[in-house]
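Next comes data_8.cif, a file with mmCIF, C-alpha atoms and all ligand atoms.
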data_protein
loop_
_atom_site.label_atom_id
_atom_site.label_comp_id
_atom_site.auth_asym_id
_atom_site.auth_seq_id
_atom_site.Cartn_x
_atom_site.Cartn_y
_atom_site.Cartn_z
CA MET N 1 64.64 -39.75 21.38
CA SER N 2 64.16 -36.28 20.05
CA ILE N 3 65.83 -33.44 18.23
CA SER N 4 68.65 -32.02 20.34
CA LEU N 5 70.19 -28.66 19.67
CA ASP N 6 73.43 -28.20 21.54
CA HIS N 7 74.87 -24.67 21.62
CA VAL N 8 73.92 -24.02 17.99
CA SER N 9 74.94 -20.64 16.53
CA LYS N 10 74.71 -19.10 13.09
CA THR N 11 75.99 -15.71 11.95
CA PHE N 12 75.33 -14.42 8.45
CA GLU N 13 78.05 -12.53 6.64
CA HIS N 14 77.67 -9.15 4.97
CA GLY N 15 76.10 -7.52 8.00
CA GLY N 16 73.41 -10.18 8.54
CA GLY N 17 74.55 -10.46 12.16
CA VAL N 18 73.89 -13.25 14.65
CA ALA N 19 70.68 -14.96 13.53
CA VAL N 20 70.84 -17.90 15.95
CA ASP N 21 72.73 -17.30 19.17
CA ASP N 22 73.85 -20.30 21.24
CA VAL N 23 70.59 -22.23 21.13
CA THR N 24 70.31 -25.31 23.30
CA ALA N 25 66.95 -27.09 23.21
CA GLU N 26 65.25 -30.49 23.18
CA ILE N 27 62.33 -31.11 20.87
CA PRO N 28 60.51 -34.22 22.09
CA SER N 29 59.96 -37.04 19.63
CA GLY N 30 56.40 -37.13 18.29
CA SER N 31 55.64 -33.65 19.61
CA LEU N 32 54.10 -30.76 17.76
CA THR N 33 56.45 -27.96 18.74
CA ALA N 34 55.86 -24.35 17.78
CA ILE N 35 58.78 -21.97 17.45
CA LEU N 36 57.26 -18.61 18.28
CA GLY N 37 58.81 -15.18 18.18
CA PRO N 38 58.71 -11.79 16.54
CA SER N 39 59.95 -11.18 13.01
CA GLY N 40 63.74 -11.40 12.80
CA ALA N 41 64.04 -13.54 15.97
CA GLY N 42 65.85 -16.31 14.07
CA LYS N 43 62.97 -18.78 13.75
CA SER N 44 63.38 -19.57 10.06
CA THR N 45 67.14 -19.81 10.41
CA LEU N 46 66.80 -22.31 13.27
CA LEU N 47 64.39 -24.36 11.15
CA LYS N 48 66.81 -24.30 8.22
CA LEU N 49 69.64 -25.43 10.49
CA ILE N 50 67.54 -28.38 11.65
CA GLY N 51 66.63 -29.15 8.05
CA GLY N 52 70.20 -28.88 6.80
CA LEU N 53 69.49 -25.95 4.46
CA GLU N 54 71.99 -23.90 6.48
CA ARG N 55 75.07 -25.01 8.38
CA PRO N 56 75.75 -23.83 11.94
CA ASP N 57 79.02 -22.03 12.73
CA SER N 58 79.21 -24.00 15.96
CA GLY N 59 77.19 -26.47 17.97
CA ARG N 60 75.63 -29.85 17.30
CA ILE N 61 72.28 -31.02 15.92
CA VAL N 62 71.17 -34.55 16.78
CA ILE N 63 68.02 -36.14 15.32
CA GLU N 64 66.81 -39.32 17.00
CA GLY N 65 70.31 -40.05 18.24
CA ASP N 66 72.08 -39.38 14.91
CA ASP N 67 74.46 -36.44 14.77
CA VAL N 68 73.32 -34.73 11.56
CA THR N 69 75.31 -31.51 12.01
CA ASN N 70 77.33 -32.14 8.86
CA LEU N 71 74.82 -34.30 7.00
CA ASP N 72 73.38 -33.05 3.73
CA ALA N 73 69.68 -32.09 3.84
CA ARG N 74 68.82 -34.93 1.42
CA TYR N 75 69.88 -37.56 3.96
CA ARG N 76 68.11 -36.14 7.00
CA ASP N 77 64.65 -37.63 6.25
CA ILE N 78 62.90 -34.35 6.69
CA GLY N 79 59.68 -33.11 5.12
CA PHE N 80 59.63 -29.40 4.36
CA CYS N 81 56.70 -27.08 4.03
CA PHE N 82 58.38 -23.72 3.42
CA GLN N 83 57.11 -20.73 1.53
CA GLN N 84 60.06 -20.96 -0.86
CA TYR N 85 59.06 -24.51 -1.82
CA ALA N 86 56.13 -23.42 -3.93
CA PRO N 87 54.18 -26.16 -5.73
CA PHE N 88 55.19 -27.04 -9.30
CA ARG N 89 52.60 -25.18 -11.31
CA HIS N 90 52.88 -27.37 -14.40
CA MET N 91 52.26 -30.58 -12.40
CA THR N 92 48.94 -31.95 -11.19
CA VAL N 93 48.25 -32.34 -7.48
CA LYS N 94 49.08 -36.06 -7.77
CA LYS N 95 52.39 -35.37 -9.50
CA ASN N 96 53.28 -32.72 -6.94
CA VAL N 97 52.58 -35.07 -4.05
CA GLY N 98 54.50 -37.93 -5.66
CA TYR N 99 57.49 -35.79 -6.66
CA GLY N 100 59.73 -36.66 -3.70
CA LEU N 101 59.22 -40.37 -4.34
CA LYS N 102 59.83 -40.02 -8.07
CA VAL N 103 63.21 -38.35 -7.57
CA ARG N 104 64.03 -41.18 -5.17
CA HIS N 105 63.32 -43.62 -8.04
CA ARG N 106 60.56 -45.53 -6.26
CA PRO N 107 58.49 -47.89 -8.44
CA LYS N 108 55.47 -46.28 -10.17
CA LYS N 109 52.98 -48.58 -8.47
CA GLU N 110 54.31 -47.75 -5.02
CA ILE N 111 54.16 -44.02 -5.81
CA ALA N 112 50.55 -44.24 -7.01
CA ALA N 113 49.49 -46.11 -3.88
CA LYS N 114 51.27 -43.70 -1.55
CA VAL N 115 49.85 -40.65 -3.35
CA ALA N 116 46.31 -42.05 -3.10
CA GLU N 117 46.79 -42.71 0.62
CA LEU N 118 48.11 -39.19 1.25
CA LEU N 119 45.39 -37.46 -0.76
CA GLU N 120 42.88 -39.37 1.34
CA LEU N 121 44.66 -38.22 4.50
CA VAL N 122 44.60 -34.53 3.49
CA LYS N 123 41.08 -34.87 2.06
CA LEU N 124 42.01 -34.04 -1.53
CA SER N 125 41.19 -37.40 -3.14
CA ASP N 126 38.78 -35.83 -5.62
CA LEU N 127 41.19 -33.10 -6.68
CA GLY N 128 44.24 -35.18 -7.67
CA ASN N 129 44.07 -34.29 -11.35
CA ARG N 130 43.79 -30.55 -10.86
CA PHE N 131 46.66 -28.11 -11.13
CA PRO N 132 47.74 -26.02 -8.10
CA SER N 133 46.21 -22.87 -9.63
CA GLN N 134 42.83 -24.62 -9.53
CA LEU N 135 42.95 -25.07 -5.75
CA SER N 136 41.92 -22.69 -2.97
CA GLY N 137 44.64 -21.39 -0.65
CA GLY N 138 43.74 -23.90 2.04
CA GLU N 139 43.64 -26.82 -0.40
CA ARG N 140 47.02 -25.83 -1.79
CA GLN N 141 48.53 -25.87 1.70
CA ARG N 142 47.08 -29.33 2.32
CA MET N 143 48.65 -30.49 -0.94
CA THR N 144 52.00 -29.05 0.19
CA LEU N 145 51.69 -30.97 3.44
CA ALA N 146 50.91 -34.20 1.59
CA ARG N 147 53.98 -33.59 -0.58
CA ALA N 148 56.15 -33.10 2.51
CA LEU N 149 54.77 -36.30 4.08
CA ALA N 150 55.26 -38.46 0.97
CA ILE N 151 58.82 -39.42 1.83
CA GLU N 152 57.69 -40.60 5.29
CA PRO N 153 59.93 -38.11 7.04
CA ARG N 154 61.21 -38.49 10.58
CA VAL N 155 60.60 -34.79 11.06
CA LEU N 156 58.16 -32.35 9.47
CA LEU N 157 59.21 -28.69 9.32
CA LEU N 158 56.57 -26.04 8.63
CA ASP N 159 57.61 -22.41 8.26
CA GLU N 160 54.62 -20.06 8.64
CA PRO N 161 52.54 -22.49 6.57
CA PHE N 162 49.33 -20.48 6.92
CA GLY N 163 50.97 -17.09 6.42
CA ALA N 164 49.24 -15.97 3.26
CA LEU N 165 45.75 -17.22 4.10
CA ASP N 166 42.78 -15.33 5.49
CA ALA N 167 41.85 -15.65 9.15
CA GLN N 168 39.06 -18.19 8.75
CA VAL N 169 41.04 -20.55 6.53
CA ARG N 170 44.00 -20.24 8.91
CA ALA N 171 41.81 -21.25 11.83
CA GLU N 172 40.47 -24.28 9.92
CA LEU N 173 43.91 -25.38 8.77
CA ARG N 174 45.43 -25.15 12.23
CA LYS N 175 42.71 -27.39 13.66
CA TRP N 176 43.30 -29.71 10.79
CA VAL N 177 47.10 -29.81 11.27
CA LYS N 178 46.56 -30.67 14.93
CA GLU N 179 44.23 -33.52 14.00
CA LEU N 180 46.62 -34.76 11.34
CA HIS N 181 49.43 -34.74 13.88
CA GLU N 182 47.34 -36.73 16.33
CA GLN N 183 46.82 -39.30 13.60
CA ILE N 184 50.39 -39.67 12.34
CA ARG N 185 52.50 -38.44 15.28
CA VAL N 186 55.48 -37.39 13.21
CA THR N 187 57.75 -34.98 15.10
CA THR N 188 56.59 -31.62 13.77
CA ILE N 189 58.05 -28.15 14.17
CA LEU N 190 55.85 -25.24 13.21
CA VAL N 191 57.29 -21.74 12.96
CA THR N 192 54.87 -18.92 13.59
CA HIS N 193 54.77 -15.34 14.85
CA ASP N 194 51.11 -15.79 15.87
CA GLN N 195 50.73 -16.54 19.59
CA ASN N 196 47.17 -17.80 19.25
CA GLU N 197 48.19 -20.20 16.53
CA ALA N 198 51.06 -21.51 18.65
CA MET N 199 48.97 -21.82 21.82
CA GLU N 200 46.16 -23.62 20.04
CA VAL N 201 48.17 -26.07 17.98
CA ALA N 202 51.35 -26.93 19.83
CA ASP N 203 52.01 -29.22 22.77
CA GLN N 204 55.46 -27.61 23.20
CA LEU N 205 56.50 -24.01 22.67
CA LEU N 206 59.93 -22.58 22.09
CA ILE N 207 59.98 -18.82 22.29
CA MET N 208 62.75 -17.04 20.43
CA HIS N 209 63.93 -13.46 20.75
CA ASP N 210 67.03 -11.90 19.14
CA GLY N 211 68.44 -15.29 18.13
CA HIS N 212 68.19 -16.99 21.49
CA VAL N 213 65.61 -19.16 23.22
CA GLU N 214 63.76 -17.17 25.86
CA GLN N 215 61.80 -20.09 27.26
CA ALA N 216 60.62 -23.55 26.23
CA GLY N 217 57.93 -25.86 27.56
CA PRO N 218 54.22 -26.68 27.37
CA PRO N 219 52.08 -23.67 26.40
CA THR N 220 50.19 -23.38 29.70
CA ASP N 221 53.45 -23.50 31.72
CA LEU N 222 54.83 -20.60 29.73
CA TYR N 223 51.59 -18.68 29.96
CA ASP N 224 51.24 -19.19 33.71
CA ARG N 225 54.93 -19.05 34.65
CA PRO N 226 56.81 -16.85 32.19
CA THR N 227 60.44 -16.44 33.27
CA SER N 228 60.86 -13.07 31.59
CA GLU N 229 58.86 -9.96 30.87
CA PHE N 230 59.40 -10.68 27.19
CA VAL N 231 57.61 -14.03 27.38
CA ARG N 232 54.85 -12.63 29.57
CA GLY N 233 54.23 -9.83 27.11
CA PHE N 234 54.56 -11.95 24.02
CA LEU N 235 52.44 -14.90 25.02
CA GLY N 236 49.28 -13.25 26.14
CA PRO N 237 47.68 -9.94 26.97
CA ILE N 238 49.20 -7.81 29.72
CA THR N 239 48.27 -4.60 31.40
CA ARG N 240 49.83 -2.71 34.28
CA PHE N 241 48.28 -2.46 37.71
CA GLU N 242 49.93 -0.73 40.68
CA GLY N 243 53.24 -0.71 38.84
CA ARG N 244 53.23 -4.43 37.96
CA ALA N 245 52.59 -6.30 34.69
CA VAL N 246 49.50 -8.50 35.10
CA ARG N 247 47.09 -10.45 32.92
CA PRO N 248 44.00 -8.29 32.24
CA HIS N 249 41.76 -11.25 33.12
CA ASP N 250 43.46 -11.42 36.54
CA LEU N 251 41.97 -8.06 37.49
CA VAL N 252 38.50 -7.88 39.02
CA LEU N 253 36.25 -4.89 38.44
CA SER N 254 33.61 -3.87 40.98
CA GLY N 255 31.54 -0.89 42.03
CA PRO N 256 33.42 1.71 44.13
CA THR N 257 34.83 -0.07 47.20
CA PRO N 258 36.73 1.66 50.03
CA GLY N 259 40.33 0.45 50.39
CA LEU N 260 40.67 -0.63 46.75
CA ALA N 261 42.24 1.25 43.83
CA SER N 262 39.48 3.47 42.47
CA GLY N 263 38.94 5.35 39.25
CA THR N 264 36.63 6.00 36.35
CA VAL N 265 35.86 3.82 33.34
CA SER N 266 37.30 5.71 30.37
CA ALA N 267 36.61 3.23 27.54
CA ILE N 268 34.86 -0.04 26.81
CA ALA N 269 35.84 -2.03 23.72
CA SER N 270 33.39 -4.78 22.83
CA LEU N 271 34.79 -7.83 20.99
CA GLY N 272 31.56 -9.79 21.03
CA PHE N 273 31.62 -12.18 23.97
CA GLU N 274 34.67 -10.45 25.45
CA VAL N 275 35.00 -6.81 26.55
CA HIS N 276 38.03 -4.69 27.43
CA VAL N 277 37.29 -2.10 30.10
CA THR N 278 39.85 0.69 30.49
CA THR N 279 39.94 2.29 33.90
CA SER N 280 41.72 5.56 34.66
CA PHE N 281 42.76 5.60 38.31
CA ASP N 282 42.77 8.63 40.53
CA ASP N 283 46.61 8.50 40.69
CA GLY N 284 46.75 9.00 36.88
CA SER N 285 47.61 5.39 35.94
CA THR N 286 45.40 3.21 33.74
CA SER N 287 44.69 -0.53 33.45
CA TRP N 288 42.49 -2.52 31.17
CA ILE N 289 40.41 -5.39 32.41
CA GLN N 290 39.32 -8.32 30.27
CA MET N 291 35.91 -9.76 31.15
CA THR N 292 32.79 -11.16 29.56
CA ARG N 293 30.06 -8.85 28.32
CA HIS N 294 27.68 -10.76 30.54
CA ASP N 295 29.68 -9.95 33.69
CA LEU N 296 29.97 -6.30 32.69
CA ASN N 297 26.21 -6.07 32.13
CA ASP N 298 25.59 -7.62 35.55
CA LEU N 299 27.69 -4.87 37.13
CA GLY N 300 25.73 -2.20 35.27
CA ILE N 301 28.93 -0.32 34.49
CA SER N 302 29.37 2.01 31.52
CA VAL N 303 31.84 4.69 30.41
CA GLY N 304 32.08 7.33 33.13
CA SER N 305 31.12 4.94 35.99
CA ARG N 306 33.11 5.07 39.21
CA VAL N 307 34.73 1.65 39.83
CA SER N 308 37.29 -0.19 41.92
CA VAL N 309 39.82 -2.79 40.75
CA ARG N 310 41.67 -5.52 42.62
CA PRO N 311 43.86 -8.43 41.57
CA ARG N 312 42.07 -11.79 41.45
CA GLY N 313 42.68 -14.34 44.22
P1 LIG S 401 62.48 -14.98 11.57
O1 LIG S 401 62.17 -16.19 10.77
O2 LIG S 401 62.32 -15.19 13.04
O3 LIG S 401 61.72 -13.78 11.12
P2 LIG S 401 65.11 -15.17 10.35
O4 LIG S 401 65.67 -16.46 10.85
O5 LIG S 401 64.57 -15.17 8.97
O6 LIG S 401 64.02 -14.63 11.39
O7 LIG S 401 66.22 -14.05 10.44
C1 LIG S 401 66.99 -13.80 11.60
C2 LIG S 401 68.04 -12.75 11.28
O8 LIG S 401 69.00 -13.26 10.35
C3 LIG S 401 67.47 -11.49 10.66
O9 LIG S 401 68.17 -10.40 11.17
C4 LIG S 401 67.74 -11.67 9.19
O10 LIG S 401 67.90 -10.44 8.53
C5 LIG S 401 69.03 -12.47 9.18
N1 LIG S 401 69.13 -13.37 8.02
C6 LIG S 401 68.32 -14.41 7.76
N2 LIG S 401 68.70 -15.04 6.63
C7 LIG S 401 69.77 -14.36 6.16
C8 LIG S 401 70.64 -14.51 5.02
N3 LIG S 401 70.47 -15.51 4.15
N4 LIG S 401 71.64 -13.62 4.89
C9 LIG S 401 71.83 -12.61 5.77
N5 LIG S 401 71.06 -12.44 6.85
C10 LIG S 401 70.05 -13.28 7.06
MG MG S 402 60.79 -16.48 9.18
#

With the file now loaded, output its structure as structure tokens.
Ligand code: ADP
Ligand code: MG
Amino acid sequence: MSISLDHVSKTFEHGGGVAVDDVTAEIPSGSLTAILGPSGAGKSTLLKLIGGLERPDSGRIVIEGDDVTNLDARYRDIGFCFQQYAPFRHMTVKKNVGYGLKVRHRPKKEIAAKVAELLELVKLSDLGNRFPSQLSGGERQRMTLARALAIEPRVLLLDEPFGALDAQVRAELRKWVKELHEQIRVTTILVTHDQNEAMEVADQLLIMHDGHVEQAGPPTDLYDRPTSEFVRGFLGPITRFEGRAVRPHDLVLSGPTPGLASGTVSAIASLGFEVHVTTSFDDGSTSWIQMTRHDLNDLGISVGSRVSVRPRG
């Protein structure tokens, strides 16, 4: 059981063009799948199609065996965490979290119990009586997640949920979302344009480009065996060596060695533990090599040094 997309397409009128172009994909039940791609790739539109906020022009969408293609969003059992679903500013955290249950006319006692359970889960138990403006960015996102989970959805859809937050809070929240998912195992789709976020959080990746799916599968499969230059370039660092695209950590730097490509180190960028060493070869081409600072120090290489480079393995 899963979410199946079967030749799903969506074109917007008034010059919007083809946003989602013949997408066929399987999203495994209980997975945390990241839809990754550049801006304008059709990620949000695909998420809205799954959620029922947009209708496809053609194709079928099946959730856990039910064809929901023509089903209204309200009946799809989906929790949304979209930027356009901002919290209700005039409601407390508790009221925000309980909102979905209230509009479904659940008994007050049941709502209170569920809200308490969810606030515990997202670690906001002490902040239930605050208003959204009295929360930090990270806390507000956790509240939004609790609100999305209140209706016990079959599927949780998150569209760039960490978009507006600073790097450190983003990193904390993504760890936290992964842990939460391990606890509750609800099928979750996270849209992001951030490759690191997708690689770290997701157990499945679906890479979109110009409305279509470029490649789908576990993150390491896509990283190690990209089927297109687009995926290779999008999913990790690349450099060129002897006319080919390669991972910069798959190049090995050494002192000048006969028979190997040789050149001069033209730049060293230090990112703390990691360094990027740019080498200008005698034939005029350049590559950059990713290595640890420790390994570079051991080689005793600095800008201007003569070096050789070979592919690893
Ligand atoms: P992403 O989320 O990957 O950045 P979107 O799904 O938002 O991409 O958009 C994909 C394409 O569809 C873009 O070219 C965008 O301009 C267009 N698009 C999205 N929503 C609409 C809309 N409501 N009306 C017209 N065009 C739209
Ligand atoms: Mg988007």

Residues at most 8 Å from segment 227-238 of chain N, counting all atoms listed in the file, excluding those fewer than 6 positions away in the same chain, as JSON, numbers by chain?
{"N": [37, 195, 207, 214, 215, 245, 246, 247, 248]}

Hey, which residues sit close to ligand MG 402 (chain S)? Say within 7 Å, counting only C-alpha atoms and all ligand atoms, and write them as a PDB file with C-alpha atoms, keeping the file's coordinate frame.
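Wrote result.pdb, looks like this:
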ATOM      1  CA  SER N  39      59.950 -11.180  13.010  1.00  0.00           C
ATOM      2  CA  GLY N  40      63.740 -11.400  12.800  1.00  0.00           C
ATOM      3  CA  LYS N  43      62.970 -18.780  13.750  1.00  0.00           C
ATOM      4  CA  SER N  44      63.380 -19.570  10.060  1.00  0.00           C
ATOM      5  CA  ASP N 159      57.610 -22.410   8.260  1.00  0.00           C
TER       6      ASP N 159
END

What separation in Å, quoted to one decimal, exists between atom CA of Leu118 of chain N and atom CA of Ala146 of chain N?
5.7 Å

Residues up to 10 Å from ligand LIG 401 (chain S), counting all atoms listed in the file: could you list those as a PyMOL selection string?
chain N and resi 10-20+35-49+54+159-160+191-193+208-211

Tell me, as a PyMOL selection string, which residues lie within 12 Å of Glu110 of chain N, counting all atoms listed in the file; anything in the same chain fewer than 4 positions away does not count.
chain N and resi 98+101-102+104-106+114-117+150-151

For a quick check of understanding, using all atoms listed in the file, which of N:Leu149, N:Cys81, N:Ala25, N:Val8 has the smallest distance to Pro56 of chain N?
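Closest candidate: N:Val8.
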
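Between His181 of chain N and the candidates N:His276, N:Asp194, N:Ala261, N:Leu156, the tightest atom-to-atom separation, counting only C-alpha atoms, involves N:Leu156.
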
Missing atoms in segment 145-168 of chain N need filling: write out N, CA and C atoms for it as a CSV table (one decimal), in the frame of the given file.
chain,number,residue,atom,x,y,z
N,145,LEU,N,51.5,-30.1,2.3
N,145,LEU,CA,51.7,-31.0,3.4
N,145,LEU,C,51.8,-32.4,3.0
N,146,ALA,N,50.9,-32.8,2.1
N,146,ALA,CA,50.9,-34.2,1.6
N,146,ALA,C,52.2,-34.4,0.9
N,147,ARG,N,52.7,-33.5,0.1
N,147,ARG,CA,54.0,-33.6,-0.6
N,147,ARG,C,55.1,-33.8,0.4
N,148,ALA,N,55.1,-33.0,1.5
N,148,ALA,CA,56.2,-33.1,2.5
N,148,ALA,C,56.1,-34.5,3.2
N,149,LEU,N,54.9,-35.0,3.3
N,149,LEU,CA,54.8,-36.3,4.1
N,149,LEU,C,55.1,-37.5,3.2
N,150,ALA,N,55.1,-37.3,1.9
N,150,ALA,CA,55.3,-38.5,1.0
N,150,ALA,C,56.5,-39.3,1.2
N,151,ILE,N,57.6,-38.7,1.6
N,151,ILE,CA,58.8,-39.4,1.8
N,151,ILE,C,58.9,-40.1,3.2
N,152,GLU,N,57.7,-40.1,3.9
N,152,GLU,CA,57.7,-40.6,5.3
N,152,GLU,C,58.8,-40.1,6.1
N,153,PRO,N,58.8,-38.7,6.3
N,153,PRO,CA,59.9,-38.1,7.0
N,153,PRO,C,59.9,-38.5,8.5
N,154,ARG,N,61.1,-38.3,9.1
N,154,ARG,CA,61.2,-38.5,10.6
N,154,ARG,C,60.8,-37.2,11.3
N,155,VAL,N,60.9,-36.1,10.5
N,155,VAL,CA,60.6,-34.8,11.1
N,155,VAL,C,59.9,-34.0,10.0
N,156,LEU,N,58.9,-33.2,10.4
N,156,LEU,CA,58.2,-32.4,9.5
N,156,LEU,C,58.4,-30.9,9.9
N,157,LEU,N,58.9,-30.1,9.0
N,157,LEU,CA,59.2,-28.7,9.3
N,157,LEU,C,58.3,-27.8,8.5
N,158,LEU,N,57.5,-26.9,9.3
N,158,LEU,CA,56.6,-26.0,8.6
N,158,LEU,C,56.9,-24.6,9.0
N,159,ASP,N,57.2,-23.8,8.0
N,159,ASP,CA,57.6,-22.4,8.3
N,159,ASP,C,56.5,-21.5,7.9
N,160,GLU,N,55.8,-21.0,8.9
N,160,GLU,CA,54.6,-20.1,8.6
N,160,GLU,C,53.7,-20.6,7.5
N,161,PRO,N,53.2,-21.9,7.7
N,161,PRO,CA,52.5,-22.5,6.6
N,161,PRO,C,51.2,-21.8,6.2
N,162,PHE,N,50.7,-21.1,7.2
N,162,PHE,CA,49.3,-20.5,6.9
N,162,PHE,C,49.4,-19.0,6.7
N,163,GLY,N,50.7,-18.5,6.5
N,163,GLY,CA,51.0,-17.1,6.4
N,163,GLY,C,50.1,-16.3,5.5
N,164,ALA,N,49.9,-16.8,4.3
N,164,ALA,CA,49.2,-16.0,3.3
N,164,ALA,C,47.7,-16.1,3.2
N,165,LEU,N,47.2,-16.9,4.2
N,165,LEU,CA,45.8,-17.2,4.1
N,165,LEU,C,44.9,-16.3,5.0
N,166,ASP,N,43.6,-16.2,4.7
N,166,ASP,CA,42.8,-15.3,5.5
N,166,ASP,C,42.4,-16.0,6.8
N,167,ALA,N,42.0,-15.2,7.8
N,167,ALA,CA,41.8,-15.6,9.2
N,167,ALA,C,41.0,-16.9,9.3
N,168,GLN,N,39.9,-17.0,8.6
N,168,GLN,CA,39.1,-18.2,8.8
N,168,GLN,C,39.7,-19.5,8.2
